[in-house]
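Engineer: Starting off with a structure, shown below.
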Amino acid sequence: QLLLAHPERLPESPYETPTNLESLFYYPHRWFFRQKLKLYPASLLSVTGDNTLLGSLAHRFFELFLQETDCLAWERPHLNSWIDSMAGNLLEREGATLLLYGREPDRNQFLNRVKNAAWSLITHLRTNGWSVYGTEQELKGTIAGYPIQGKADLVINRNGSEWAIVDLKWSGARRRLDMIRNGEDLQLILYAKLLPPEEAWAHTAYFILEDGKMIARNKEAFRDAVVAAGMWETHVDACREIFERMMRTLNWRMDQVQKGRIELRNARTASELEAIYGVELLDLLEMKNEDAWWDDYRMVLGQ
């Protein structure tokens with residue numbers, strides 16, 4: 001643990017995002033260095049790697065496509081034509097490396113994947129009676145006294161009273177299945193809590209753009225979804241239990257910060273931390289025993 005002599009001098013954050021809270025829950029040093037000390041990676045001009053580029057481009061295609069007022073009524077030829085008509089300008093602005101000489105097979109493969117995924121999403125929404133309410137929907141609220149703000153990729157509505165939030169991801173179907181099964185889909189559950197009405201829990205799902213799969217906790221919202229079966233009977237039961245654990249974990253972490261204790265967690269320190277906490281962890285989210293994904297502060301921890 002990093003011990004602070006004067007934790008009362010730490011600056012207040014105007015709000016937290018679901019991503020920041022996830023860092024605070026599992027890897028507090030990442031939240032502390034970024035949110036409190038404002039230590040960011042250097043901004044260097046670089047060419048984005050293919051996987052990141054394709055994910056960003058696909059996400060942009062879907063954002064624009066879902067903003068079309070009649071998109072769920074389109075047939076497949078019209079959808080394909082629309083994607084082809086948008087591809088030129090979008091690739092020039094945001095994916096120029098796919099226009100380089102020799103990249104035509106990669107470009108065609110990518111556009112075909114976008115077309116297949118978009119048709120799959122239309123089919124999921126149409127056959128289950130959903131309509132598009134909004135994309136990049138801003139959600140705000142207060143949780144345990146802390147202001148929270150975030151953006152949901154896709155918010156949909158059924159019959160005016162039933163809601164669902166879909167998180168669009170380029171790849172990682174197996175990882176998303178495991179997250180739902182283990183109750184680690186924290187960002188989706190926070191979005192479901194922030195989406196009005198407060199007394200209701202929206203359905204949640206991941207849609208994997210690379211292979212057009214909808215991944216959900218059950219088939220209540222999408223009958224053809226890939227189901228990540230867990231220990232809960234309904235999505236409401238799951239959301240309530242996981243959210244309660246999140247709130248206990250949030251209060252526990254904030255109490256540590258107020259006392260000047262910042263946890264430094266990675267694969268090397270995890271067992272020592274478990275020994276320090278003991279039974280404290282029983283009612284909290286299950287802590288991680290491995291290094292954080294994409295940790296910008298590995299060198300700070302001596303890794």
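FYI, nothing fancy with the structure tokens labels: chains A, B, ... in order, residues from 1 per chain, ligands from 1 as they appear.
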List the spatial neighbours of Ala270 of chain A as a ChimeraX atom specification - criterion: any atom at most 10 Å away, only C-alpha atoms, same-chain residues fewer than 5 positions off excluded.
Structural biologist: /A:263-265,275-276,287-291
Engineer: Write out as a PyMOL selection string the residues lying within 10 Å of Asp283 of chain A, counting only C-alpha atoms and excluding same-chain residues fewer than 3 positions away.
Structural biologist: chain A and resi 244-246+248-249+279-280+286
Engineer: What would the file look like if the residues just selected were written as a short mmCIF file (atom, residue, chain, number, x, y, z; two decimals), in the first residue's frame with N, CA and C atoms?
Structural biologist:
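Result went into again.cif, see below:
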```
data_model
loop_
_atom_site.label_atom_id
_atom_site.label_comp_id
_atom_site.auth_asym_id
_atom_site.auth_seq_id
_atom_site.Cartn_x
_atom_site.Cartn_y
_atom_site.Cartn_z
N GLU A 244 -25.17 -4.08 -4.99
CA GLU A 244 -24.94 -3.97 -3.54
C GLU A 244 -23.47 -4.23 -3.19
N ARG A 245 -22.87 -5.21 -3.84
CA ARG A 245 -21.44 -5.47 -3.61
C ARG A 245 -20.59 -4.30 -4.10
N MET A 246 -21.00 -3.70 -5.21
CA MET A 246 -20.27 -2.54 -5.73
C MET A 246 -20.32 -1.38 -4.73
N ARG A 248 -20.77 -1.52 -1.44
CA ARG A 248 -19.93 -1.83 -0.28
C ARG A 248 -18.45 -1.67 -0.63
N THR A 249 -18.09 -2.08 -1.84
CA THR A 249 -16.69 -1.95 -2.27
C THR A 249 -16.31 -0.50 -2.46
N VAL A 279 -11.00 -11.30 6.42
CA VAL A 279 -12.45 -11.43 6.28
C VAL A 279 -13.11 -10.15 5.76
N GLU A 280 -12.37 -9.05 5.70
CA GLU A 280 -12.93 -7.81 5.14
C GLU A 280 -13.49 -8.01 3.74
N GLU A 286 -15.18 -9.62 -5.74
CA GLU A 286 -14.01 -10.49 -5.69
C GLU A 286 -12.81 -9.78 -6.30
#
```
Engineer: Mind the document's chain letters and residue numbers, and return as a VMD selection string the residues of segment 67-223 of chain A that DSSP labels strand (DSSP E).
Structural biologist: chain A and resid 131 to 143 146 to 158 162 to 169 203 to 208 213 to 216
Engineer: Taking only C-alpha atoms into account, name the residue in A:Ser171, A:Leu39, A:Leu139, A:Leu125 that is nearest to Asp224 of chain A.
Structural biologist: A:Leu125
Engineer: Please indicate the distance in Å from atom CA of Met214 of chain A to atom CA of Ile122 of chain A, rounded to one decimal place.
Structural biologist: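 These atoms are spaced 11.4 Å apart.
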Engineer: Need the shell around segment 178-191 of chain A: protein/DNA/RNA residues with any atom at most 7 Å away, counting only C-alpha atoms. Skip same-chain ones fewer than 2 positions apart. Format as number ranges by chain?
Structural biologist: A: 18-19, 152, 174-176, 193-195, 204, 217, 228-230, 239, 242
Engineer: For C-alpha atoms, I'd like the residues from the last selection saved as a compact mmCIF listing (two decimals), in the first residue's frame.
Structural biologist:
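Output file part.txt follows:
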```txt
# COMPACT_ATOMS: atom_id res chain seq x y z
CA PRO A 18 -17.99 3.78 -14.71
CA THR A 19 -14.50 3.09 -16.11
CA ALA A 152 -24.03 4.07 -23.03
CA ARG A 174 -15.12 -15.24 -24.53
CA ARG A 175 -13.97 -12.53 -22.12
CA ARG A 176 -17.43 -10.88 -22.09
CA LYS A 193 -28.83 1.81 -12.49
CA LEU A 194 -28.36 5.29 -13.96
CA LEU A 195 -30.96 4.81 -16.70
CA THR A 204 -27.95 -5.47 -20.44
CA ARG A 217 -27.16 -13.02 -18.96
CA ALA A 228 -23.63 -16.57 -20.03
CA ALA A 229 -25.46 -18.68 -17.47
CA GLY A 230 -24.73 -17.61 -13.91
CA CYS A 239 -28.13 -6.48 -10.93
CA ILE A 242 -23.83 -7.13 -7.84
```
Engineer: DSSP on the backbone, then: every residue of segment 34-252 of chain A marked alpha helix (DSSP H), written as a ChimeraX atom specification.
Structural biologist: /A:50-66,76-94,104-127,173-181,186-194,235-252
Engineer: Can you measure atom CA of Gln1 of chain A to atom CA of Arg261 of chain A for me? One decimal in Å is fine.
Structural biologist: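 Value for the atom CA of Gln1 of chain A-atom CA of Arg261 of chain A distance: 6.1 Å.
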Engineer: Could you list, with a cut-off of 9 Å and counting only C-alpha atoms, the residues of segment 211-276 of chain A near segment 141-145 of chain A, each shown with its nearest atom pair and the distance in Å rounded to one decimal, rows sorted by chain and ascending number, as CSV?
Structural biologist:
```
residue,atom,partner,partner_atom,distance
A:Met247,CA,A:Ala144,CA,6.7
A:Leu250,CA,A:Ala144,CA,8.0
A:Asn251,CA,A:Ala144,CA,7.6
```
Engineer: Save out the residues we just selected, N, CA, C and O atoms, as a PDB file, in the first residue's frame.
Structural biologist:
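Written out: out_25.pdb:
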```
ATOM      1  N   MET A 247     -21.494  -1.150  -4.140  1.00  0.00           N
ATOM      2  CA  MET A 247     -21.623  -0.051  -3.188  1.00  0.00           C
ATOM      3  C   MET A 247     -20.773  -0.289  -1.938  1.00  0.00           C
ATOM      4  O   MET A 247     -20.137   0.634  -1.417  1.00  0.00           O
ATOM      5  N   LEU A 250     -17.219   0.302  -3.007  1.00  0.00           N
ATOM      6  CA  LEU A 250     -16.958   1.725  -3.196  1.00  0.00           C
ATOM      7  C   LEU A 250     -16.733   2.414  -1.858  1.00  0.00           C
ATOM      8  O   LEU A 250     -15.759   3.177  -1.689  1.00  0.00           O
ATOM      9  N   ASN A 251     -17.596   2.173  -0.904  1.00  0.00           N
ATOM     10  CA  ASN A 251     -17.435   2.793   0.414  1.00  0.00           C
ATOM     11  C   ASN A 251     -16.137   2.339   1.086  1.00  0.00           C
ATOM     12  O   ASN A 251     -15.453   3.130   1.750  1.00  0.00           O
TER      13      ASN A 251
END
```
Engineer: If we count only C-alpha atoms and set the cut-off at 8 Å, which residues sit around segment 12-16 of chain A, ignoring sequence neighbours fewer than 2 positions away in its own chain? Please answer as a list in words.
Structural biologist: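 That gives Leu10, Pro18, Asn20, Leu21, Gln35, Lys36, Tyr146, Pro147, Ile148 and Gln149 of chain A.
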Engineer: In Å, rounded to a single decimal, give me how far atom CA of Tyr101 of chain A is from atom CA of Trp82 of chain A.
Structural biologist: 24.3 Å
